[in-house]
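Student: Dropping in start23.pdb, which is PDB, C-alpha atoms and all ligand atoms:
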ATOM      1  CA  MET Q 246      27.325   4.155  14.419
ATOM      2  CA  GLU Q 247      26.189   1.952  17.257
ATOM      3  CA  TRP Q 248      23.015   0.083  17.962
ATOM      4  CA  LYS Q 249      21.071   1.594  20.842
ATOM      5  CA  ARG Q 250      18.346   0.093  22.917
ATOM      6  CA  GLU Q 251      15.853   2.777  21.955
ATOM      7  CA  TYR Q 252      16.132   1.655  18.327
ATOM      8  CA  SER Q 253      14.495  -1.646  19.171
ATOM      9  CA  THR Q 254      11.056  -2.212  17.654
ATOM     10  CA  GLY Q 255      10.356  -5.309  19.731
ATOM     11  CA  ILE Q 256      10.310  -7.434  16.567
ATOM     12  CA  ASP Q 257      13.546  -9.439  16.430
ATOM     13  CA  GLU Q 258      13.684  -9.918  12.679
ATOM     14  CA  ILE Q 259      13.247  -6.177  12.114
ATOM     15  CA  ASP Q 260      15.834  -5.298  14.756
ATOM     16  CA  ASN Q 261      18.275  -7.691  13.106
ATOM     17  CA  GLN Q 262      17.719  -6.108   9.711
ATOM     18  CA  HIS Q 263      18.212  -2.649  11.237
ATOM     19  CA  LYS Q 264      21.486  -3.848  12.747
ATOM     20  CA  VAL Q 265      22.615  -4.963   9.284
ATOM     21  CA  LEU Q 266      21.741  -1.510   7.910
ATOM     22  CA  LEU Q 267      23.725   0.203  10.640
ATOM     23  CA  SER Q 268      26.671  -2.122  10.174
ATOM     24  CA  HIS Q 269      26.806  -1.287   6.457
ATOM     25  CA  PHE Q 270      26.873   2.359   7.455
ATOM     26  CA  GLY Q 271      29.564   1.704  10.066
ATOM     27  CA  MET Q 272      31.620  -0.068   7.395
ATOM     28  CA  ILE Q 273      31.434   2.979   5.130
ATOM     29  CA  GLU Q 274      32.654   5.203   7.959
ATOM     30  CA  LEU Q 275      35.466   2.794   8.751
ATOM     31  CA  LEU Q 276      36.593   2.625   5.115
ATOM     32  CA  ILE Q 277      36.662   6.399   4.938
ATOM     33  CA  ALA Q 278      38.582   6.654   8.219
ATOM     34  CA  ASN Q 279      41.127   4.231   6.761
ATOM     35  CA  ASN Q 280      41.412   6.125   3.479
ATOM     36  CA  ALA Q 281      40.166   3.142   1.540
ATOM     37  CA  ASN Q 282      40.006   3.557  -2.193
ATOM     38  CA  TRP Q 283      36.961   4.914  -3.938
ATOM     39  CA  SER Q 284      35.748   1.625  -5.407
ATOM     40  CA  LYS Q 285      35.545  -0.036  -1.994
ATOM     41  CA  ILE Q 286      33.587   2.835  -0.509
ATOM     42  CA  HIS Q 287      31.312   3.072  -3.486
ATOM     43  CA  ARG Q 288      30.670  -0.678  -3.383
ATOM     44  CA  GLU Q 289      29.699  -0.447   0.279
ATOM     45  CA  LEU Q 290      27.368   2.476  -0.416
ATOM     46  CA  GLN Q 291      25.749   0.333  -3.105
ATOM     47  CA  SER Q 292      25.418  -2.535  -0.635
ATOM     48  CA  LEU Q 293      23.711  -0.234   1.819
ATOM     49  CA  GLN Q 294      21.290   0.863  -0.905
ATOM     50  CA  GLU Q 295      20.573  -2.722  -1.966
ATOM     51  CA  TYR Q 296      20.012  -3.881   1.575
ATOM     52  CA  SER Q 297      17.819  -0.855   2.292
ATOM     53  CA  GLU Q 298      15.676  -1.745  -0.685
ATOM     54  CA  PHE Q 299      15.258  -5.312   0.505
ATOM     55  CA  HIS Q 300      14.510  -4.185   4.057
ATOM     56  CA  PHE Q 301      11.922  -1.615   2.960
ATOM     57  CA  GLN Q 302      10.124  -4.208   0.837
ATOM     58  CA  PHE Q 303      10.133  -6.585   3.785
ATOM     59  CA  GLU Q 304       8.638  -3.950   6.084
ATOM     60  CA  GLU Q 305       6.006  -2.920   3.578
ATOM     61  CA  ALA Q 306       4.937  -6.544   3.095
ATOM     62  CA  LEU Q 307       4.618  -6.874   6.863
ATOM     63  CA  MET Q 308       2.557  -3.672   7.093
ATOM     64  CA  ARG Q 309       0.269  -4.907   4.320
ATOM     65  CA  LEU Q 310      -0.096  -8.268   6.029
ATOM     66  CA  PHE Q 311      -1.178  -6.631   9.275
ATOM     67  CA  GLY Q 312      -3.284  -3.893   7.691
ATOM     68  CA  TYR Q 313      -1.194  -0.983   8.962
ATOM     69  CA  PRO Q 314      -3.244   2.145   8.271
ATOM     70  CA  GLU Q 315      -0.202   4.378   7.638
ATOM     71  CA  LEU Q 316       1.358   2.116   5.023
ATOM     72  CA  GLU Q 317       1.223   4.728   2.277
ATOM     73  CA  VAL Q 318       2.949   7.475   4.277
ATOM     74  CA  HIS Q 319       5.631   5.014   5.325
ATOM     75  CA  GLN Q 320       6.091   3.761   1.778
ATOM     76  CA  THR Q 321       6.576   7.326   0.592
ATOM     77  CA  GLN Q 322       9.296   7.871   3.206
ATOM     78  CA  HIS Q 323      11.132   4.748   1.998
ATOM     79  CA  ALA Q 324      10.805   5.645  -1.669
ATOM     80  CA  SER Q 325      11.942   9.235  -1.317
ATOM     81  CA  TYR Q 326      14.972   8.217   0.753
ATOM     82  CA  LEU Q 327      16.080   5.654  -1.864
ATOM     83  CA  LYS Q 328      15.536   8.141  -4.656
ATOM     84  CA  GLU Q 329      17.462  10.883  -2.906
ATOM     85  CA  ILE Q 330      20.482   8.678  -2.142
ATOM     86  CA  ASP Q 331      20.426   7.109  -5.613
ATOM     87  CA  GLY Q 332      20.417  10.568  -7.130
ATOM     88  CA  LYS Q 333      23.359  11.670  -5.035
ATOM     89  CA  LEU Q 334      25.349   8.526  -5.819
ATOM     90  CA  ASN Q 335      24.757   8.742  -9.547
ATOM     91  CA  MET Q 336      25.540  12.393  -9.763
ATOM     92  CA  ARG Q 337      28.807  12.003  -7.969
ATOM     93  CA  LEU Q 338      32.030  12.182  -9.901
ATOM     94  CA  ASN Q 339      34.349  13.051  -7.061
ATOM     95  CA  PRO Q 340      35.859   9.983  -5.445
ATOM     96  CA  TYR Q 341      34.842  10.357  -1.828
ATOM     97  CA  PRO Q 342      31.346  10.627  -0.425
ATOM     98  CA  ASP Q 343      31.221  13.954   1.362
ATOM     99  CA  LYS Q 344      30.381  14.399   5.013
ATOM    100  CA  ALA Q 345      27.026  15.915   4.178
ATOM    101  CA  LEU Q 346      25.942  12.717   2.412
ATOM    102  CA  LEU Q 347      27.053  10.538   5.326
ATOM    103  CA  ARG Q 348      25.328  12.730   7.895
ATOM    104  CA  LEU Q 349      22.175  12.703   5.767
ATOM    105  CA  ILE Q 350      22.141   8.888   5.639
ATOM    106  CA  GLU Q 351      22.925   8.572   9.328
ATOM    107  CA  ALA Q 352      20.285  11.075  10.414
ATOM    108  CA  TRP Q 353      17.657   9.483   8.204
ATOM    109  CA  LEU Q 354      18.369   5.948   9.421
ATOM    110  CA  VAL Q 355      18.394   6.882  13.105
ATOM    111  CA  ASN Q 356      15.298   9.015  12.800
ATOM    112  CA  HIS Q 357      13.368   6.490  10.728
ATOM    113  CA  ILE Q 358      14.283   3.502  12.892
ATOM    114  CA  SER Q 359      13.582   5.242  16.177
ATOM    115  CA  GLN Q 360      10.346   6.936  15.076
ATOM    116  CA  SER Q 361       8.538   5.786  11.927
ATOM    117  CA  ASP Q 362       9.318   2.091  12.296
ATOM    118  CA  GLN Q 363       8.090   2.147  15.888
ATOM    119  CA  GLY Q 364       4.649   3.032  14.548
ATOM    120  CA  TYR Q 365       4.026  -0.121  12.541
ATOM    121  CA  ALA Q 366       5.768  -2.284  15.163
ATOM    122  CA  ARG Q 367       3.370  -0.962  17.831
ATOM    123  CA  HIS Q 368       0.471  -1.683  15.507
ATOM    124  CA  ILE Q 369       1.596  -5.280  14.976
ATOM    125  CA  LEU Q 370       2.555  -5.918  18.601
ATOM    126  CA  SER Q 371      -0.701  -4.493  19.894
ATOM    127  CA  GLY Q 372      -2.431  -7.527  18.435
ATOM    128  CA  ALA Q 373      -3.272  -6.484  14.889
ATOM    129  CA  ARG Q 374      -4.741  -9.358  12.951
ATOM    130  CA  VAL Q 375      -3.467 -10.688   9.678
ATOM    131  CA  VAL Q 376      -5.521  -9.269   6.845
ATOM    132  CA  SER Q 377      -6.820 -12.090   4.711
ATOM    133  CA  ALA Q 378      -6.298 -11.987   0.962
ATOM    134  CA  ALA Q 379     -10.059 -11.890   0.438
ATOM    135  CA  SER Q 380     -10.497  -8.696   2.439
ATOM    136  CA  GLN Q 381      -7.614  -6.861   0.795
ATOM    137  CA  GLY Q 382      -8.696  -4.220  -1.661
TER     138      GLY Q 382
HETATM  139 FE    FE Q 401      13.189  -0.195   9.058
HETATM  140 FE    FE Q 402      10.629   1.774   7.569
END
Re-express the file's structure as structure tokens.
Tutor:
Amino acid sequence: MEWKREYSTGIDEIDNQHKVLLSHFGMIELLIANNANWSKIHRELQSLQEYSEFHFQFEEALMRLFGYPELEVHQTQHASYLKEIDGKLNMRLNPYPDKALLRLIEAWLVNHISQSDQGYARHILSGARVVSAASQG
């Protein structure tokens, strides 16, 4: 899975984190293409989950900082993705992740990065002000 220009949010740190996410995914695909053993693939899937968790927390902190009005909707998208993938990983006894799981992850990442994340980036880049601690509910 390659990085495309239209994925860019205009915020370098976020773009870099998205590139890390996509490279974890690319690594999983590569391992599968090379018939790597189950433990390596599973470890990389775990890494993708762990990094996703970190990245989502980072984004949500940023949204809170800049008073993004759609924080809750976005948070729900993050949480339900993590839950869905966690569920599928835990349930899995067969050694290889199936194609459906990979396509699900890929579609979600591409869709989320190129649509939902653009929303908060636009909000921040359009000059949103930092919400002070005193004015936060
Ligand atoms: Fe993101
Ligand atoms: Fe996001």
Student: May I ask for the distance between atom CA of Gln322 of chain Q and atom FE of ligand FE 402 (chain Q), given in Å to one decimal place?
Tutor: 7.6 Å
Student: I need the residue nearest ligand FE 401 (chain Q) from this list: Q:Ile358, Q:Leu310, Q:Met272, Q:Leu327. Use only C-alpha atoms and all ligand atoms for the distance.
Tutor: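 Checking each of Q:Ile358, Q:Leu310, Q:Met272, Q:Leu327 against ligand FE 401 (chain Q), counting only C-alpha atoms and all ligand atoms, the winner is Q:Ile358.
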Student: As a quick test: using only C-alpha atoms and all ligand atoms, which residues lie no more than 8 Å away from ligand FE 402 (chain Q)? Give them as an NGL selection string.
Tutor: :Q and (300-301 or 304-305 or 319-320 or 322-323 or 357-358 or 361-362)
Student: Go ahead and save the picked residues with C-alpha atoms, as a PDB file, keeping the file's coordinate frame.
Tutor:
ATOM      1  CA  HIS Q 300      14.510  -4.185   4.057  1.00  0.00           C
ATOM      2  CA  PHE Q 301      11.922  -1.615   2.960  1.00  0.00           C
ATOM      3  CA  GLU Q 304       8.638  -3.950   6.084  1.00  0.00           C
ATOM      4  CA  GLU Q 305       6.006  -2.920   3.578  1.00  0.00           C
ATOM      5  CA  HIS Q 319       5.631   5.014   5.325  1.00  0.00           C
ATOM      6  CA  GLN Q 320       6.091   3.761   1.778  1.00  0.00           C
ATOM      7  CA  GLN Q 322       9.296   7.871   3.206  1.00  0.00           C
ATOM      8  CA  HIS Q 323      11.132   4.748   1.998  1.00  0.00           C
ATOM      9  CA  HIS Q 357      13.368   6.490  10.728  1.00  0.00           C
ATOM     10  CA  ILE Q 358      14.283   3.502  12.892  1.00  0.00           C
ATOM     11  CA  SER Q 361       8.538   5.786  11.927  1.00  0.00           C
ATOM     12  CA  ASP Q 362       9.318   2.091  12.296  1.00  0.00           C
TER      13      ASP Q 362
END
Student: Just the residues within 8 Å of segment 340-356 of chain Q, please, counting only C-alpha atoms, with nothing from its chain fewer than 2 positions along; format it as a PyMOL selection string.
Tutor: chain Q and resi 252+267+270+283+286+330+333+337-338+358-361
Student: Check the smallest atom-to-atom distance from each of Q:Thr321, Q:Gln291, Q:Ser297, Q:Ser371 to ligand FE 401 (chain Q) using all atoms listed in the file, then report the winner.
Tutor: Q:Ser297
